[in-house]
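Asks: Here you go, one structure.
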Amino acid sequence: SEKKGVIDTWIDKHRSLYAAATRHDFVVSIRDGSVDLSSFKTWLGQDYLFVRGFVPFVANVLIRAGKESGETSDMEVVLGGLASLNDEIEWFKSEGSKWGVDFSTVVAQKANQEYSRFLEALMSSEVEYSVVMTAFWAIEAVYQESFAHSCNRWGNDGFRQYCLSVKNIAERCLENASREALVEAEDVLVRVLEHEVAFWEMSRGGQ
Ligand code: HMH
């Protein structure tokens, strides 16, 4: 953690994309309270669907952490993440009823569908564990960083610590990864950031 790892090097290299994903106008508008209600409701419905698709992805990471990781603690970290997704779904449901968003009628928009397809592709056994862990970290870290100062759901210290644990797992795996896996992991990190930007754009667009 003191020495700069490969993930931080990549984040530096793709700094403007990382900033676009974590300091998007839509998130800033949630933070300062100026958010358009219909955009917020769109985000709520779309993110609820996203999380439902994210659960099988994390379950796949959990299975791989049990089978392929050299460290027993990897599985416990991922299990903690899966458990918090259970709370997250409950949180979405209560926000949905608070704001009058009926999730049963929400249909995934294009950016959401594309993000789901990307997650499905990552569930293939062809994709290396180090690459999957990098993607997993990036997906969680974008929300942690985005909401660090505005939403306790993702801004709390426990979630911050959990993201750091996932980052440490990814870093450890990347230290022993092949040249090809490193290229793929950087590409996957960039693609997560692009999907997150598209997700915020979609939310801001409303409907
Ligand atoms: C789009 N990315 C999106 N939604 C989420 N709930 C997360 C990441 C969780 O970290």
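FYI, nothing fancy with the structure tokens labels: chains A, B, ... in order, residues from 1 per chain, ligands from 1 as they appear.
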Could you give me the residues within 9 Å of ligand 1, counting only C-alpha atoms and all ligand atoms, as a ChimeraX atom specification?
Replies: /A:43,46-48,50-51,54,85,88,112,115,136-144,154,192,195-197,199-200
Asks: Mind writing the picked residues with N, CA and C atoms as a short mmCIF file (atom, residue, chain, number, x, y, z; two decimals), in the first residue's frame?
Replies:
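Dumped everything to out01.cif:
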```cif
data_model
loop_
_atom_site.label_atom_id
_atom_site.label_comp_id
_atom_site.auth_asym_id
_atom_site.auth_seq_id
_atom_site.Cartn_x
_atom_site.Cartn_y
_atom_site.Cartn_z
N TRP A 43 -31.83 6.83 -12.46
CA TRP A 43 -30.64 6.18 -11.91
C TRP A 43 -31.04 5.08 -10.92
N GLN A 46 -32.47 2.05 -12.80
CA GLN A 46 -31.45 1.40 -13.62
C GLN A 46 -30.38 0.75 -12.73
N ASP A 47 -30.02 1.40 -11.63
CA ASP A 47 -28.98 0.83 -10.78
C ASP A 47 -29.50 -0.39 -10.01
N TYR A 48 -30.79 -0.36 -9.70
CA TYR A 48 -31.39 -1.56 -9.09
C TYR A 48 -31.22 -2.75 -10.04
N PHE A 50 -29.02 -2.99 -12.44
CA PHE A 50 -27.60 -3.28 -12.54
C PHE A 50 -27.15 -4.19 -11.40
N VAL A 51 -27.55 -3.84 -10.18
CA VAL A 51 -27.11 -4.62 -9.01
C VAL A 51 -27.62 -6.06 -9.09
N PHE A 54 -25.26 -7.67 -11.17
CA PHE A 54 -23.93 -7.69 -10.55
C PHE A 54 -23.80 -8.85 -9.57
N LEU A 85 -24.30 -6.62 -0.88
CA LEU A 85 -25.23 -6.45 -2.01
C LEU A 85 -26.66 -6.82 -1.60
N GLU A 88 -27.82 -3.83 -0.08
CA GLU A 88 -27.97 -2.80 -1.11
C GLU A 88 -29.30 -2.95 -1.84
N ASN A 112 -27.04 0.25 -19.76
CA ASN A 112 -27.15 -0.77 -18.72
C ASN A 112 -27.02 -2.18 -19.33
N TYR A 115 -23.42 -2.78 -20.23
CA TYR A 115 -22.62 -3.04 -19.02
C TYR A 115 -22.84 -4.48 -18.56
N PHE A 136 -13.57 -6.19 -10.83
CA PHE A 136 -14.39 -6.16 -9.62
C PHE A 136 -14.01 -4.96 -8.75
N TRP A 137 -12.70 -4.77 -8.57
CA TRP A 137 -12.26 -3.61 -7.79
C TRP A 137 -12.76 -2.31 -8.42
N ALA A 138 -12.56 -2.17 -9.73
CA ALA A 138 -12.90 -0.91 -10.41
C ALA A 138 -14.39 -0.60 -10.28
N ILE A 139 -15.24 -1.61 -10.42
CA ILE A 139 -16.69 -1.40 -10.35
C ILE A 139 -17.08 -0.87 -8.97
N GLU A 140 -16.53 -1.48 -7.93
CA GLU A 140 -16.84 -1.04 -6.56
C GLU A 140 -16.19 0.30 -6.24
N ALA A 141 -14.95 0.48 -6.69
CA ALA A 141 -14.20 1.69 -6.34
C ALA A 141 -14.81 2.95 -6.96
N VAL A 142 -15.38 2.81 -8.15
CA VAL A 142 -16.00 3.98 -8.77
C VAL A 142 -17.14 4.51 -7.89
N TYR A 143 -17.95 3.60 -7.35
CA TYR A 143 -19.05 4.05 -6.48
C TYR A 143 -18.53 4.58 -5.15
N GLN A 144 -17.48 3.93 -4.63
CA GLN A 144 -16.92 4.39 -3.36
C GLN A 144 -16.39 5.81 -3.52
N TRP A 154 -22.49 4.13 0.00
CA TRP A 154 -21.19 3.76 -0.57
C TRP A 154 -20.04 4.60 -0.02
N VAL A 192 -14.37 -0.64 -17.73
CA VAL A 192 -15.27 -0.39 -16.58
C VAL A 192 -15.51 1.11 -16.45
N HIS A 195 -17.88 2.28 -19.11
CA HIS A 195 -19.26 1.85 -18.81
C HIS A 195 -19.86 2.70 -17.70
N GLU A 196 -19.05 3.05 -16.70
CA GLU A 196 -19.57 3.88 -15.60
C GLU A 196 -19.93 5.28 -16.09
N VAL A 197 -19.10 5.85 -16.94
CA VAL A 197 -19.42 7.18 -17.50
C VAL A 197 -20.73 7.10 -18.30
N PHE A 199 -23.10 5.05 -17.91
CA PHE A 199 -24.20 4.82 -16.96
C PHE A 199 -24.68 6.14 -16.36
N TRP A 200 -23.72 7.01 -15.99
CA TRP A 200 -24.11 8.33 -15.45
C TRP A 200 -24.80 9.16 -16.54
#
```
Asks: Tell me which protein, DNA and RNA residues are within 10 Å of Ser150 (chain A), counting only C-alpha atoms, leaving out same-chain ones fewer than 5 positions away, and put them as a PDB file with C-alpha atoms, in the first residue's frame.
Replies:
```
ATOM      1  CA  VAL A  27     -22.925  12.634  -9.057  1.00  0.00           C
ATOM      2  CA  VAL A  28     -21.931  16.198  -8.274  1.00  0.00           C
ATOM      3  CA  ILE A  30     -26.614  14.503  -6.135  1.00  0.00           C
ATOM      4  CA  ARG A  31     -23.966  15.820  -3.765  1.00  0.00           C
ATOM      5  CA  ASP A  32     -25.051  19.469  -3.990  1.00  0.00           C
ATOM      6  CA  GLY A  33     -28.762  18.649  -4.009  1.00  0.00           C
ATOM      7  CA  GLY A 155     -19.325   6.522   1.273  1.00  0.00           C
ATOM      8  CA  ASN A 156     -19.001   4.777   4.650  1.00  0.00           C
TER       9      ASN A 156
END
```
Asks: From the set A:Glu68, A:Ile89, A:Met133, A:Gly45, which residue has the shortest atom-to-atom contact distance to Ile169 (chain A), counting only C-alpha atoms?
Replies: A:Met133
Asks: Quick one: residues within 12 Å of Ser97 (chain A), only C-alpha atoms, excluding same-chain residues fewer than 6 positions away - as a VMD selection string?
Replies: chain A and resid 41 44 to 45 90 to 91 103 to 104
Asks: So, with only C-alpha atoms as the atoms that count, which of A:Val58, A:Ala20, A:Val131, A:Ala111 lies closest to Arg172 (chain A)?
Replies: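 Comparing A:Val58, A:Ala20, A:Val131, A:Ala111 against Arg172 (chain A), the winner is A:Val131.
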Asks: Go through region 14-75 of chain A residue by residue and, counting only C-alpha atoms, keep those with an atom at most 9 Å from region 180-190 of chain A; for each kept residue give the shortest atom pair and its distance in Å to one decimal, ordered by chain and increasing number, as CSV.
Replies:
```
residue,atom,partner,partner_atom,distance
A:His14,CA,A:Val190,CA,7.6
A:Leu17,CA,A:Val190,CA,7.9
A:Tyr18,CA,A:Val190,CA,8.4
```
Asks: Write out as a PDB file with N, CA and C atoms, in the first residue's frame the residues lying within 9 Å of Ile7 (chain A), counting only C-alpha atoms and excluding same-chain residues fewer than 6 positions away.
Replies:
```
ATOM      1  N   THR A 134      -9.442  -7.236 -11.033  1.00  0.00           N
ATOM      2  CA  THR A 134      -9.223  -5.830 -11.389  1.00  0.00           C
ATOM      3  C   THR A 134     -10.556  -5.173 -11.744  1.00  0.00           C
ATOM      4  N   LYS A 167      -8.763  -4.178  -3.681  1.00  0.00           N
ATOM      5  CA  LYS A 167      -7.625  -3.636  -4.438  1.00  0.00           C
ATOM      6  C   LYS A 167      -6.341  -4.389  -4.108  1.00  0.00           C
ATOM      7  N   ALA A 170      -6.371  -7.692  -5.905  1.00  0.00           N
ATOM      8  CA  ALA A 170      -6.074  -7.494  -7.334  1.00  0.00           C
ATOM      9  C   ALA A 170      -4.588  -7.212  -7.536  1.00  0.00           C
ATOM     10  N   GLU A 171      -4.041  -6.347  -6.716  1.00  0.00           N
ATOM     11  CA  GLU A 171      -2.607  -6.017  -6.824  1.00  0.00           C
ATOM     12  C   GLU A 171      -1.723  -7.258  -6.654  1.00  0.00           C
ATOM     13  N   LEU A 174      -1.952  -9.324  -9.728  1.00  0.00           N
ATOM     14  CA  LEU A 174      -1.302  -8.683 -10.882  1.00  0.00           C
ATOM     15  C   LEU A 174       0.221  -8.756 -10.791  1.00  0.00           C
ATOM     16  N   GLU A 186      -5.559  -4.017 -17.743  1.00  0.00           N
ATOM     17  CA  GLU A 186      -5.615  -2.560 -17.969  1.00  0.00           C
ATOM     18  C   GLU A 186      -6.782  -2.215 -18.896  1.00  0.00           C
ATOM     19  N   LEU A 189     -10.017  -2.458 -16.981  1.00  0.00           N
ATOM     20  CA  LEU A 189     -10.159  -1.300 -16.092  1.00  0.00           C
ATOM     21  C   LEU A 189     -10.691  -0.089 -16.875  1.00  0.00           C
TER      22      LEU A 189
END
```
Asks: By how many Å are CA of Val166 (chain A) and CA of Ser69 (chain A) apart?
Replies: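 Result for CA of Val166 (chain A) versus CA of Ser69 (chain A): 12.7 Å, one decimal.
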Asks: Would you please extract all helix (DSSP H, G or I) residues from region 44-204 of chain A, as assigned by DSSP on the backbone, and give them as a PyMOL selection string?
Replies: chain A and resi 44-68+72-99+103-105+110-122+129-146+152-155+157-175+179-204
Asks: Just the selected residues (C-alpha atoms), exported as a compact mmCIF listing (two decimals), in the first residue's frame, please.
Replies:
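Below is the file part.txt, written as the result:
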```txt
# COMPACT_ATOMS: atom_id res chain seq x y z
CA LEU A 44 -32.42 4.43 -9.01
CA GLY A 45 -34.36 2.07 -11.29
CA GLN A 46 -31.45 1.40 -13.62
CA ASP A 47 -28.98 0.83 -10.78
CA TYR A 48 -31.39 -1.56 -9.09
CA LEU A 49 -31.37 -3.62 -12.30
CA PHE A 50 -27.60 -3.28 -12.54
CA VAL A 51 -27.11 -4.62 -9.01
CA ARG A 52 -29.34 -7.60 -9.76
CA GLY A 53 -27.01 -8.41 -12.65
CA PHE A 54 -23.93 -7.69 -10.55
CA VAL A 55 -24.89 -10.36 -7.97
CA PRO A 56 -24.18 -13.34 -10.28
CA PHE A 57 -20.92 -11.68 -11.34
CA VAL A 58 -19.80 -11.36 -7.71
CA ALA A 59 -20.99 -14.92 -7.02
CA ASN A 60 -18.72 -16.03 -9.87
CA VAL A 61 -15.83 -14.07 -8.35
CA LEU A 62 -16.59 -15.79 -5.03
CA ILE A 63 -16.40 -19.25 -6.59
CA ARG A 64 -13.13 -18.38 -8.27
CA ALA A 65 -11.74 -16.91 -5.04
CA GLY A 66 -12.45 -20.26 -3.37
CA LYS A 67 -10.90 -22.35 -6.14
CA GLU A 68 -8.10 -20.31 -7.65
CA THR A 72 -8.05 -18.07 2.12
CA SER A 73 -8.92 -14.47 2.98
CA ASP A 74 -9.89 -13.64 -0.64
CA MET A 75 -13.09 -15.64 -0.29
CA GLU A 76 -14.01 -13.86 2.92
CA VAL A 77 -13.53 -10.44 1.36
CA VAL A 78 -15.73 -11.32 -1.62
CA LEU A 79 -18.33 -12.95 0.64
CA GLY A 80 -18.52 -9.68 2.58
CA GLY A 81 -19.15 -7.87 -0.69
CA LEU A 82 -21.90 -10.29 -1.64
CA ALA A 83 -23.52 -9.85 1.78
CA SER A 84 -23.52 -6.08 1.37
CA LEU A 85 -25.23 -6.45 -2.01
CA ASN A 86 -28.08 -8.07 -0.13
CA ASP A 87 -28.39 -4.91 1.99
CA GLU A 88 -27.97 -2.80 -1.11
CA ILE A 89 -30.95 -4.44 -2.82
CA GLU A 90 -33.05 -3.73 0.29
CA TRP A 91 -31.84 -0.12 0.22
CA PHE A 92 -32.89 0.22 -3.43
CA LYS A 93 -36.31 -1.21 -2.64
CA SER A 94 -36.90 1.24 0.19
CA GLU A 95 -35.66 4.20 -1.92
CA GLY A 96 -37.86 2.96 -4.77
CA SER A 97 -40.97 3.06 -2.62
CA LYS A 98 -39.94 6.39 -1.09
CA TRP A 99 -39.62 8.04 -4.53
CA PHE A 103 -38.99 -1.52 -10.26
CA SER A 104 -41.28 -4.15 -11.79
CA THR A 105 -41.86 -1.84 -14.78
CA LYS A 110 -28.86 0.53 -23.63
CA ALA A 111 -25.91 1.57 -21.44
CA ASN A 112 -27.15 -0.77 -18.72
CA GLN A 113 -27.58 -3.68 -21.16
CA GLU A 114 -24.09 -3.12 -22.52
CA TYR A 115 -22.62 -3.04 -19.02
CA SER A 116 -24.42 -6.32 -18.19
CA ARG A 117 -23.09 -7.98 -21.33
CA PHE A 118 -19.59 -6.88 -20.37
CA LEU A 119 -20.03 -8.46 -16.91
CA GLU A 120 -21.31 -11.68 -18.48
CA ALA A 121 -18.24 -11.90 -20.71
CA LEU A 122 -16.02 -11.53 -17.65
CA TYR A 129 -8.59 -14.33 -12.04
CA SER A 130 -6.28 -11.28 -11.92
CA VAL A 131 -8.31 -9.65 -14.72
CA VAL A 132 -11.65 -10.43 -13.03
CA MET A 133 -10.37 -9.04 -9.71
CA THR A 134 -9.22 -5.83 -11.39
CA ALA A 135 -12.68 -5.36 -12.92
CA PHE A 136 -14.39 -6.16 -9.62
CA TRP A 137 -12.26 -3.61 -7.79
CA ALA A 138 -12.90 -0.91 -10.41
CA ILE A 139 -16.69 -1.40 -10.35
CA GLU A 140 -16.84 -1.04 -6.56
CA ALA A 141 -14.20 1.69 -6.34
CA VAL A 142 -16.00 3.98 -8.77
CA TYR A 143 -19.05 4.05 -6.48
CA GLN A 144 -16.92 4.39 -3.36
CA GLU A 145 -15.02 7.32 -4.82
CA SER A 146 -18.09 8.93 -6.42
CA ASN A 152 -23.47 6.86 3.21
CA ARG A 153 -24.55 3.75 1.28
CA TRP A 154 -21.19 3.76 -0.57
CA GLY A 155 -19.33 6.52 1.27
CA ASP A 157 -15.69 3.66 6.10
CA GLY A 158 -16.55 -0.04 5.94
CA PHE A 159 -17.13 0.16 2.20
CA ARG A 160 -13.89 2.11 1.80
CA GLN A 161 -11.96 -0.58 3.71
CA TYR A 162 -13.62 -3.33 1.68
CA CYS A 163 -12.61 -1.60 -1.59
CA LEU A 164 -9.03 -1.39 -0.29
CA SER A 165 -9.08 -5.13 0.51
CA VAL A 166 -10.30 -5.93 -3.01
CA LYS A 167 -7.63 -3.64 -4.44
CA ASN A 168 -4.93 -5.44 -2.43
CA ILE A 169 -6.15 -8.80 -3.76
CA ALA A 170 -6.07 -7.49 -7.33
CA GLU A 171 -2.61 -6.02 -6.82
CA ARG A 172 -1.27 -9.27 -5.41
CA CYS A 173 -2.65 -11.22 -8.39
CA LEU A 174 -1.30 -8.68 -10.88
CA GLU A 175 2.19 -8.93 -9.39
CA ARG A 179 2.29 -9.85 -19.74
CA GLU A 180 -0.93 -10.77 -21.60
CA ALA A 181 -3.01 -10.72 -18.43
CA LEU A 182 -1.60 -7.30 -17.51
CA VAL A 183 -2.59 -5.91 -20.91
CA GLU A 184 -6.05 -7.40 -20.51
CA ALA A 185 -6.46 -6.12 -16.95
CA GLU A 186 -5.61 -2.56 -17.97
CA ASP A 187 -8.07 -2.81 -20.85
CA VAL A 188 -10.81 -4.13 -18.56
CA LEU A 189 -10.16 -1.30 -16.09
CA VAL A 190 -10.55 1.27 -18.88
CA ARG A 191 -13.73 -0.41 -20.08
CA VAL A 192 -15.27 -0.39 -16.58
CA LEU A 193 -14.59 3.35 -16.38
CA GLU A 194 -16.18 3.87 -19.81
CA HIS A 195 -19.26 1.85 -18.81
CA GLU A 196 -19.57 3.88 -15.60
CA VAL A 197 -19.42 7.18 -17.50
CA ALA A 198 -22.06 5.89 -19.94
CA PHE A 199 -24.20 4.82 -16.96
CA TRP A 200 -24.11 8.33 -15.45
CA GLU A 201 -24.87 9.83 -18.86
CA MET A 202 -27.85 7.50 -19.25
CA SER A 203 -29.11 8.43 -15.78
CA ARG A 204 -28.80 12.14 -16.43
```
